[in-house]
file coords00.txt (compact mmCIF, C-alpha atoms)
# COMPACT_ATOMS: atom_id res chain seq x y z
CA MET A 1 72.29 97.74 79.15
CA THR A 2 70.72 100.65 81.09
CA ALA A 3 72.47 102.79 83.68
CA SER A 4 70.22 101.42 86.43
CA THR A 5 71.16 97.86 85.49
CA ASP A 6 74.84 98.80 85.54
CA SER A 7 74.48 100.38 88.98
CA GLN A 8 72.58 97.37 90.29
CA ARG A 9 75.24 94.98 89.00
CA TYR A 10 77.98 97.16 90.53
CA ARG A 11 76.25 97.08 93.93
CA GLN A 12 75.63 93.33 93.74
CA ILE A 13 79.24 92.53 92.86
CA SER A 14 80.60 94.88 95.53
CA LEU A 15 78.28 93.39 98.16
CA GLY A 16 79.23 89.88 97.09
CA LEU A 17 82.92 90.73 97.45
CA VAL A 18 82.35 92.20 100.92
CA VAL A 19 80.52 89.01 102.00
CA LEU A 20 83.38 86.93 100.57
CA LEU A 21 85.91 89.00 102.50
CA VAL A 22 83.98 88.53 105.74
CA GLY A 23 83.96 84.77 105.14
CA LEU A 24 87.68 84.68 104.37
CA THR A 25 88.43 86.77 107.46
CA VAL A 26 86.50 84.40 109.72
CA ALA A 27 88.16 81.40 108.05
CA GLY A 28 91.59 82.99 108.49
CA LEU A 29 90.98 83.45 112.22
CA LEU A 30 89.50 80.00 112.89
CA LEU A 31 91.59 77.79 110.58
CA GLY A 32 95.24 76.93 110.90
CA SER A 33 97.75 74.24 111.76
CA LEU A 34 96.08 73.36 115.08
CA PRO A 35 94.17 70.03 115.05
CA LEU A 36 90.88 71.83 115.73
CA ASN A 37 87.97 72.46 113.39
CA PRO A 38 86.52 76.01 113.22
CA TRP A 39 83.67 75.18 115.61
CA GLN A 40 86.06 73.77 118.23
CA THR A 41 88.34 76.78 117.86
CA LEU A 42 85.41 79.14 118.39
CA LEU A 43 84.19 77.25 121.45
CA HIS A 44 87.65 77.22 123.06
CA LEU A 45 88.01 80.92 122.30
CA LEU A 46 84.63 81.74 123.89
CA ASP A 47 85.60 79.62 126.92
CA GLY A 48 88.55 81.95 127.48
CA ASP A 49 91.40 79.58 126.57
CA PRO A 50 94.43 81.92 127.00
CA ARG A 51 96.73 79.95 124.68
CA LEU A 52 94.19 79.94 121.87
CA ALA A 53 93.48 83.63 122.42
CA VAL A 54 97.18 84.38 121.89
CA ILE A 55 97.22 82.32 118.68
CA VAL A 56 94.07 83.91 117.25
CA LEU A 57 94.55 87.52 118.36
CA GLU A 58 98.33 87.93 118.22
CA ILE A 59 99.32 85.58 115.38
CA ARG A 60 96.35 85.03 113.08
CA LEU A 61 94.61 88.42 113.37
CA PRO A 62 97.61 90.56 112.22
CA ARG A 63 98.24 88.09 109.41
CA VAL A 64 94.64 88.26 108.20
CA LEU A 65 94.50 92.07 108.46
CA LEU A 66 97.76 92.49 106.56
CA GLY A 67 96.58 90.10 103.86
CA LEU A 68 93.44 92.20 103.35
CA LEU A 69 95.33 95.52 103.39
CA VAL A 70 98.12 94.39 101.09
CA GLY A 71 95.75 92.66 98.67
CA ALA A 72 93.50 95.73 98.50
CA SER A 73 96.51 97.98 97.88
CA LEU A 74 97.85 95.79 95.06
CA GLY A 75 94.43 95.36 93.41
CA LEU A 76 93.61 99.07 93.55
CA SER A 77 97.01 100.22 92.29
CA GLY A 78 96.91 97.65 89.47
CA ALA A 79 93.52 98.92 88.27
CA ALA A 80 94.68 102.55 88.47
CA LEU A 81 97.90 101.86 86.56
CA GLN A 82 96.07 99.97 83.82
CA GLY A 83 93.75 102.96 83.44
CA LEU A 84 96.59 105.48 83.46
CA LEU A 85 98.83 103.63 81.02
CA ARG A 86 95.90 102.30 78.96
CA ASN A 87 97.68 98.97 79.01
CA PRO A 88 95.88 95.81 80.24
CA LEU A 89 99.23 94.21 81.12
CA ALA A 90 100.31 96.95 83.52
CA GLU A 91 100.71 96.09 87.21
CA PRO A 92 102.41 97.72 90.23
CA GLY A 93 105.76 96.04 89.67
CA ILE A 94 106.03 97.64 86.24
CA LEU A 95 107.08 100.99 87.71
CA GLY A 96 109.88 99.46 89.77
CA VAL A 97 108.30 100.44 93.08
CA SER A 98 108.21 96.86 94.42
CA ALA A 99 111.78 96.15 93.32
CA SER A 100 113.02 99.41 94.86
CA ALA A 101 111.22 98.72 98.13
CA GLY A 102 112.77 95.25 98.11
CA LEU A 103 116.21 96.79 97.57
CA GLY A 104 115.73 99.10 100.55
CA ALA A 105 114.77 96.19 102.79
CA VAL A 106 117.69 94.06 101.58
CA LEU A 107 120.11 96.89 102.34
CA ALA A 108 118.67 97.13 105.87
CA LEU A 109 119.39 93.43 106.33
CA TYR A 110 122.78 93.65 104.62
CA PHE A 111 124.11 96.42 106.87
CA GLY A 112 122.54 94.98 110.02
CA LEU A 113 120.14 97.89 110.54
CA ALA A 114 117.25 95.46 111.01
CA ARG A 115 118.91 94.21 114.20
CA VAL A 116 119.18 97.71 115.63
CA THR A 117 115.45 98.48 115.47
CA VAL A 118 112.36 96.68 114.17
CA TRP A 119 111.45 99.81 112.21
CA ALA A 120 114.62 99.76 110.11
CA LEU A 121 113.50 97.15 107.57
CA PRO A 122 110.05 98.60 106.75
CA GLY A 123 111.45 102.12 106.95
CA CYS A 124 114.20 101.38 104.42
CA ALA A 125 111.69 99.61 102.17
CA LEU A 126 109.44 102.66 102.18
CA LEU A 127 112.42 104.91 101.52
CA GLY A 128 113.32 102.78 98.49
CA ALA A 129 109.76 103.01 97.17
CA LEU A 130 109.64 106.78 97.63
CA LEU A 131 113.03 107.22 95.94
CA ALA A 132 111.81 105.23 92.93
CA THR A 133 108.71 107.41 92.82
CA LEU A 134 110.79 110.58 92.88
CA ILE A 135 112.87 109.33 89.94
CA LEU A 136 109.73 108.42 87.99
CA ALA A 137 108.10 111.75 88.78
CA LEU A 138 111.13 113.63 87.46
CA LEU A 139 111.17 111.52 84.31
CA ALA A 140 107.41 111.87 83.83
CA ALA A 141 107.68 115.64 84.17
CA ARG A 142 109.91 115.64 81.09
CA ASP A 143 107.71 113.26 79.08
CA SER A 144 104.20 112.14 80.15
CA ASN A 145 103.89 109.59 77.32
CA PRO A 146 102.64 106.24 78.80
CA LEU A 147 105.26 104.25 76.87
CA SER A 148 108.04 106.47 78.22
CA LEU A 149 106.71 105.96 81.75
CA ILE A 150 106.67 102.17 81.29
CA LEU A 151 110.22 102.17 79.93
CA ALA A 152 111.36 104.36 82.83
CA GLY A 153 109.73 101.93 85.27
CA VAL A 154 111.46 98.98 83.62
CA ALA A 155 114.79 100.81 83.88
CA VAL A 156 114.27 101.61 87.58
CA SER A 157 113.15 98.03 88.26
CA SER A 158 116.15 96.56 86.43
CA LEU A 159 118.57 98.75 88.39
CA ALA A 160 116.92 97.85 91.71
CA ILE A 161 117.04 94.12 90.87
CA ALA A 162 120.69 94.37 89.83
CA LEU A 163 121.65 96.14 93.08
CA THR A 164 119.63 93.61 95.08
CA SER A 165 121.46 90.76 93.34
CA LEU A 166 124.79 92.46 94.13
CA ALA A 167 123.85 92.70 97.82
CA LEU A 168 122.89 89.01 97.83
CA ASN A 169 126.16 88.11 96.10
CA LEU A 170 128.19 90.05 98.68
CA ALA A 171 126.18 88.88 101.72
CA PRO A 172 128.51 88.84 104.75
CA ASN A 173 127.36 85.41 105.97
CA PRO A 174 124.92 82.59 105.09
CA LEU A 175 122.45 83.71 107.77
CA ALA A 176 122.18 87.21 106.30
CA LEU A 177 121.78 85.72 102.81
CA SER A 178 118.99 83.44 104.05
CA GLU A 179 117.18 86.36 105.71
CA MET A 180 117.35 88.46 102.55
CA VAL A 181 116.17 85.69 100.23
CA LEU A 182 113.28 84.66 102.48
CA TRP A 183 112.14 88.28 102.82
CA LEU A 184 112.21 88.81 99.06
CA LEU A 185 109.99 85.76 98.52
CA GLY A 186 107.12 87.48 100.35
CA SER A 187 105.15 86.21 103.31
CA LEU A 188 102.61 87.21 105.96
CA ARG A 189 104.10 84.85 108.53
CA ASP A 190 105.36 86.22 111.86
CA ARG A 191 103.83 89.66 111.34
CA GLY A 192 102.33 91.62 114.22
CA LEU A 193 99.94 94.49 114.84
CA SER A 194 102.92 96.88 114.77
CA ASP A 195 103.33 96.02 111.06
CA VAL A 196 99.64 96.77 110.51
CA ALA A 197 100.02 100.11 112.31
CA LEU A 198 103.05 100.98 110.18
CA ALA A 199 101.37 100.20 106.85
CA ILE A 200 97.90 101.70 107.34
CA PRO A 201 98.78 105.45 107.30
CA PHE A 202 100.75 105.22 104.04
CA MET A 203 98.18 102.93 102.45
CA ALA A 204 95.28 105.21 103.44
CA VAL A 205 96.88 108.23 101.76
CA GLY A 206 97.68 106.14 98.68
CA TRP A 207 94.10 104.80 98.49
CA ALA A 208 92.72 108.34 98.67
CA LEU A 209 94.98 109.49 95.82
CA LEU A 210 94.10 106.54 93.60
CA LEU A 211 90.35 106.57 94.24
CA SER A 212 90.19 110.32 93.59
CA ALA A 213 91.56 109.76 90.07
CA GLY A 214 88.64 107.65 88.82
CA ARG A 215 86.75 110.26 86.80
CA GLU A 216 89.91 111.61 85.20
CA LEU A 217 90.99 108.09 84.24
CA ASP A 218 87.58 107.71 82.55
CA ALA A 219 88.30 110.84 80.50
CA LEU A 220 91.77 109.55 79.65
CA THR A 221 90.27 106.53 77.86
CA LEU A 222 89.26 109.01 75.13
CA GLY A 223 92.90 110.02 74.62
CA GLU A 224 95.12 112.69 76.18
CA ASP A 225 93.96 115.48 73.88
CA ALA A 226 90.29 114.76 74.61
CA ALA A 227 91.03 114.51 78.34
CA ARG A 228 92.78 117.89 78.29
CA SER A 229 89.81 119.42 76.49
CA LEU A 230 87.63 118.15 79.35
CA GLY A 231 89.83 119.93 81.88
CA VAL A 232 91.97 117.00 83.03
CA GLY A 233 95.48 117.95 84.15
CA ILE A 234 97.55 115.10 82.73
CA GLY A 235 100.63 115.89 84.81
CA TRP A 236 98.63 116.09 88.05
CA LEU A 237 96.87 112.84 87.17
CA HIS A 238 100.20 111.10 86.60
CA ALA A 239 101.51 112.46 89.90
CA ARG A 240 98.51 111.18 91.86
CA VAL A 241 98.49 107.70 90.37
CA ILE A 242 102.26 107.25 90.59
CA GLY A 243 102.37 108.69 94.10
CA GLY A 244 99.42 106.60 95.25
CA THR A 245 101.01 103.48 93.79
CA ALA A 246 104.30 104.24 95.53
CA LEU A 247 102.64 104.70 98.91
CA THR A 248 100.38 101.65 98.71
CA VAL A 249 102.79 99.23 97.08
CA GLY A 250 105.77 100.57 99.02
CA ALA A 251 103.97 100.09 102.33
CA ALA A 252 102.78 96.64 101.28
CA THR A 253 106.27 95.54 100.25
CA ALA A 254 107.71 97.03 103.43
CA VAL A 255 105.72 94.67 105.65
CA THR A 256 105.30 91.53 103.53
CA GLY A 257 108.12 91.42 101.01
CA THR A 258 107.53 91.06 97.29
CA VAL A 259 104.09 89.73 96.32
CA GLY A 260 103.39 89.98 92.63
CA PHE A 261 100.60 89.65 90.05
CA VAL A 262 97.66 90.45 92.36
CA GLY A 263 97.43 93.89 90.76
CA LEU A 264 97.37 92.28 87.33
CA ILE A 265 94.75 89.62 88.04
CA ALA A 266 92.17 91.53 90.13
CA PRO A 267 91.03 94.11 87.52
CA HIS A 268 90.78 91.49 84.76
CA LEU A 269 88.50 89.28 86.84
CA LEU A 270 86.04 92.17 87.08
CA ARG A 271 86.00 93.61 83.56
CA PRO A 272 83.69 90.96 82.01
CA TRP A 273 81.08 91.98 84.61
CA LEU A 274 81.72 95.70 85.15
CA GLY A 275 83.09 96.83 81.79
CA TYR A 276 86.19 98.86 81.05
CA GLN A 277 85.37 102.16 82.73
CA PRO A 278 88.26 102.73 85.22
CA SER A 279 86.16 104.48 87.88
CA ARG A 280 83.87 101.43 88.14
CA ILE A 281 86.81 99.05 88.52
CA LEU A 282 88.90 100.77 91.21
CA LEU A 283 87.02 99.94 94.42
CA PRO A 284 85.90 96.42 93.35
CA ALA A 285 89.52 95.73 92.28
CA ALA A 286 90.65 96.61 95.81
CA LEU A 287 88.08 94.19 97.27
CA THR A 288 89.05 91.49 94.76
CA GLY A 289 92.75 91.92 95.49
CA ALA A 290 92.07 91.59 99.21
CA ALA A 291 90.06 88.42 98.60
CA LEU A 292 92.74 86.92 96.34
CA LEU A 293 95.55 87.48 98.82
CA ALA A 294 93.49 86.35 101.82
CA ALA A 295 92.53 83.15 99.97
CA ALA A 296 96.14 82.55 98.85
CA ASP A 297 97.47 82.98 102.39
CA LEU A 298 94.78 80.67 103.77
CA ALA A 299 95.79 78.05 101.21
CA VAL A 300 99.45 78.49 102.16
CA ARG A 301 98.61 77.78 105.78
CA LEU A 302 96.41 74.76 105.09
CA ILE A 303 98.43 72.97 102.37
CA PRO A 304 100.21 70.10 104.16
CA THR A 305 103.85 70.76 103.25
CA ARG A 306 106.99 70.14 105.28
CA GLN A 307 107.71 73.86 105.29
CA GLU A 308 105.13 76.59 104.76
CA LEU A 309 105.14 77.88 101.19
CA MET A 310 106.06 81.53 100.67
CA LEU A 311 103.14 83.69 99.62
CA GLY A 312 105.06 85.45 96.85
CA VAL A 313 105.90 82.09 95.29
CA VAL A 314 102.23 81.04 95.25
CA THR A 315 101.03 84.29 93.68
CA ALA A 316 103.77 84.05 91.05
CA LEU A 317 102.80 80.46 90.19
CA LEU A 318 99.22 81.65 89.69
CA GLY A 319 100.09 84.95 88.04
CA VAL A 320 102.59 83.91 85.38
CA PRO A 321 100.14 81.64 83.45
CA PHE A 322 97.50 84.37 83.78
CA PHE A 323 99.94 86.93 82.37
CA VAL A 324 100.84 84.67 79.43
CA HIS A 325 97.13 84.12 78.71
CA LEU A 326 96.52 87.88 78.72
CA LEU A 327 99.52 88.47 76.48
CA LEU A 328 98.31 85.94 73.91
CA TYR A 329 94.74 87.25 74.10
CA THR A 330 95.92 90.83 73.63
CA ARG A 331 97.96 89.84 70.55
CA ARG A 332 95.01 87.97 69.02
CA THR A 333 92.60 90.86 69.52
CA ALA A 334 95.03 93.62 68.50
CA PRO A 335 93.98 95.41 65.28
call {"tool": "encode", "arguments": {"input": "coords00.txt", "output": "structure tokens"}}
result
Amino acid sequence: MTASTDSQRYRQISLGLVVLLVGLTVAGLLLGSLPLNPWQTLLHLLDGDPRLAVIVLEIRLPRVLLGLLVGASLGLSGAALQGLLRNPLAEPGILGVSASAGLGAVLALYFGLARVTVWALPGCALLGALLATLILALLAARDSNPLSLILAGVAVSSLAIALTSLALNLAPNPLALSEMVLWLLGSLRDRGLSDVALAIPFMAVGWALLLSAGRELDALTLGEDAARSLGVGIGWLHARVIGGTALTVGAATAVTGTVGFVGLIAPHLLRPWLGYQPSRILLPAALTGAALLAAADLAVRLIPTRQELMLGVVTALLGVPFFVHLLLYTRRTAP
């Protein structure tokens, strides 16, 4: 396959994903629990119906925007981590960032800080993510081996989960326990534009760090020694990818709770079409992650259940079979 054909396919897939995202965004704004079809919703909105304007602009719009931002963050960080660790099973949760952000949010609920200010919960979640990143950075500085980094992430994640379980076990009352459990399950429900404003700055910095690592991740596919001979600073590359993951995933977890497996699924959906070169996967993985989460949240809203399903539960139900399939495939194809 020629370079021009590769570039053309890359542009076509990227354009197709953008069109899909536009369609999902429109669907997310016009579809919901109201007994109105999209055309009726649009007509009422154009007629200036104030109640419908509140529903679309203050309830649905922040939810749709957050779904796109969070999905893009998870997809991009998953692709970057798989390139950095050279492991097709890697995903953002593997470094313990999601679990640590969840612990920070649970502690905010446990000690009642979330009732003092609306910024306490996302702020504590971000603090937990950044603390996990600091620990990983210190460990990575001692040993940059990908396996060591994975094991360190598993250790950090296990500690965060254990402390979260302890907080749940010692919850002061059933209401606090319910709040903590529901938050950990992950959801875009009842989010506002203030949550979008909180997440965007951290996500934007994280996206810039991850996207800037594309060429160096390409060199890393040849091995660390070959990458060093090409002028790649392995330590600086680790710092950018880990830091970018912490900022993007930490901000995402801070506003939506724990949503897993998007970062695992998105890159794998693209590789049969775009190949295995990390730099070609990063941006399309972000678009694919955004589409996956937007579609999942739309399904959550439209499935006729007594109580709305939690988004994190839906992504886990989809992601676990996908993970098992990848694990079996990887074992079959291993030399």
call {"tool": "atom_distance", "arguments": {"input": "coords00.txt", "atom1": "CA of Leu283 (chain A)", "atom2": "CA of Leu222 (chain A)"}}
result
21.4 Å
call {"tool": "closest_residue", "arguments": {"input": "coords00.txt", "among": "A:Pro122, A:Gly214, A:Gly235, A:Gly263", "to": "Ala290 (chain A)", "atoms": "all atoms listed in the file"}}
result
A:Gly263
call {"tool": "closest_residue", "arguments": {"input": "coords00.txt", "among": "A:Leu24, A:Ala208, A:Ile234, A:Leu328", "to": "Leu282 (chain A)", "atoms": "all atoms listed in the file"}}
result
A:Ala208
call {"tool": "residues_near_point", "arguments": {"input": "coords00.txt", "point": "(122.2, 89.8, 101.5)", "cutoff": "9 Å", "atoms": "all atoms listed in the file", "output": "JSON list (two decimals) with C-alpha atoms, in the frame of the given file"}}
result
[["chain", "number", "residue", "atom", "x", "y", "z"],
["A", 106, "VAL", "CA", 117.69, 94.06, 101.58],
["A", 107, "LEU", "CA", 120.11, 96.89, 102.34],
["A", 109, "LEU", "CA", 119.39, 93.43, 106.33],
["A", 110, "TYR", "CA", 122.78, 93.65, 104.62],
["A", 111, "PHE", "CA", 124.11, 96.42, 106.87],
["A", 164, "THR", "CA", 119.63, 93.61, 95.08],
["A", 165, "SER", "CA", 121.46, 90.76, 93.34],
["A", 166, "LEU", "CA", 124.79, 92.46, 94.13],
["A", 167, "ALA", "CA", 123.85, 92.70, 97.82],
["A", 168, "LEU", "CA", 122.89, 89.01, 97.83],
["A", 169, "ASN", "CA", 126.16, 88.11, 96.10],
["A", 170, "LEU", "CA", 128.19, 90.05, 98.68],
["A", 171, "ALA", "CA", 126.18, 88.88, 101.72],
["A", 172, "PRO", "CA", 128.51, 88.84, 104.75],
["A", 173, "ASN", "CA", 127.36, 85.41, 105.97],
["A", 174, "PRO", "CA", 124.92, 82.59, 105.09],
["A", 175, "LEU", "CA", 122.45, 83.71, 107.77],
["A", 176, "ALA", "CA", 122.18, 87.21, 106.30],
["A", 177, "LEU", "CA", 121.78, 85.72, 102.81],
["A", 178, "SER", "CA", 118.99, 83.44, 104.05],
["A", 179, "GLU", "CA", 117.18, 86.36, 105.71],
["A", 180, "MET", "CA", 117.35, 88.46, 102.55],
["A", 181, "VAL", "CA", 116.17, 85.69, 100.23]]
call {"tool": "residues_around", "arguments": {"input": "coords00.txt", "residues": "Arg215 (chain A)", "least_positions_apart": "3", "cutoff": "10 Å", "atoms": "only C-alpha atoms", "output": "VMD selection string"}}
result
chain A and resid 211 to 212 218 to 220 232 277 to 280
call {"tool": "atom_distance", "arguments": {"input": "coords00.txt", "atom1": "CA of Gly112 (chain A)", "atom2": "CA of Leu184 (chain A)"}}
result
16.3 Å
call {"tool": "closest_residue", "arguments": {"input": "coords00.txt", "among": "A:Leu198, A:Leu81, A:Cys124, A:Ala294", "to": "Leu29 (chain A)", "atoms": "all atoms listed in the file"}}
result
A:Ala294
call {"tool": "closest_residue", "arguments": {"input": "coords00.txt", "among": "A:Arg271, A:Arg301, A:Arg9, A:Arg306", "to": "Gln82 (chain A)", "atoms": "all atoms listed in the file"}}
result
A:Arg271
call {"tool": "closest_residue", "arguments": {"input": "coords00.txt", "among": "A:Leu84, A:Val116, A:Leu247, A:Leu43", "to": "Ala132 (chain A)", "atoms": "only C-alpha atoms"}}
result
A:Leu247
call {"tool": "residues_around", "arguments": {"input": "coords00.txt", "residues": "region 309-320 of chain A", "least_positions_apart": "6", "cutoff": "6 Å", "atoms": "all atoms listed in the file", "output": "JSON, numbers by chain"}}
result
{"A": [185, 186, 187, 259, 261, 300]}
call {"tool": "closest_residue", "arguments": {"input": "coords00.txt", "among": "A:Leu66, A:Leu52, A:Leu36, A:Leu30", "to": "Ala254 (chain A)", "atoms": "only C-alpha atoms"}}
result
A:Leu66
call {"tool": "residues_around", "arguments": {"input": "coords00.txt", "residues": "Arg240 (chain A)", "least_positions_apart": "5", "cutoff": "8 Å", "atoms": "all atoms listed in the file", "output": "MDAnalysis selection string"}}
result
chainID A and resid 209:210 213
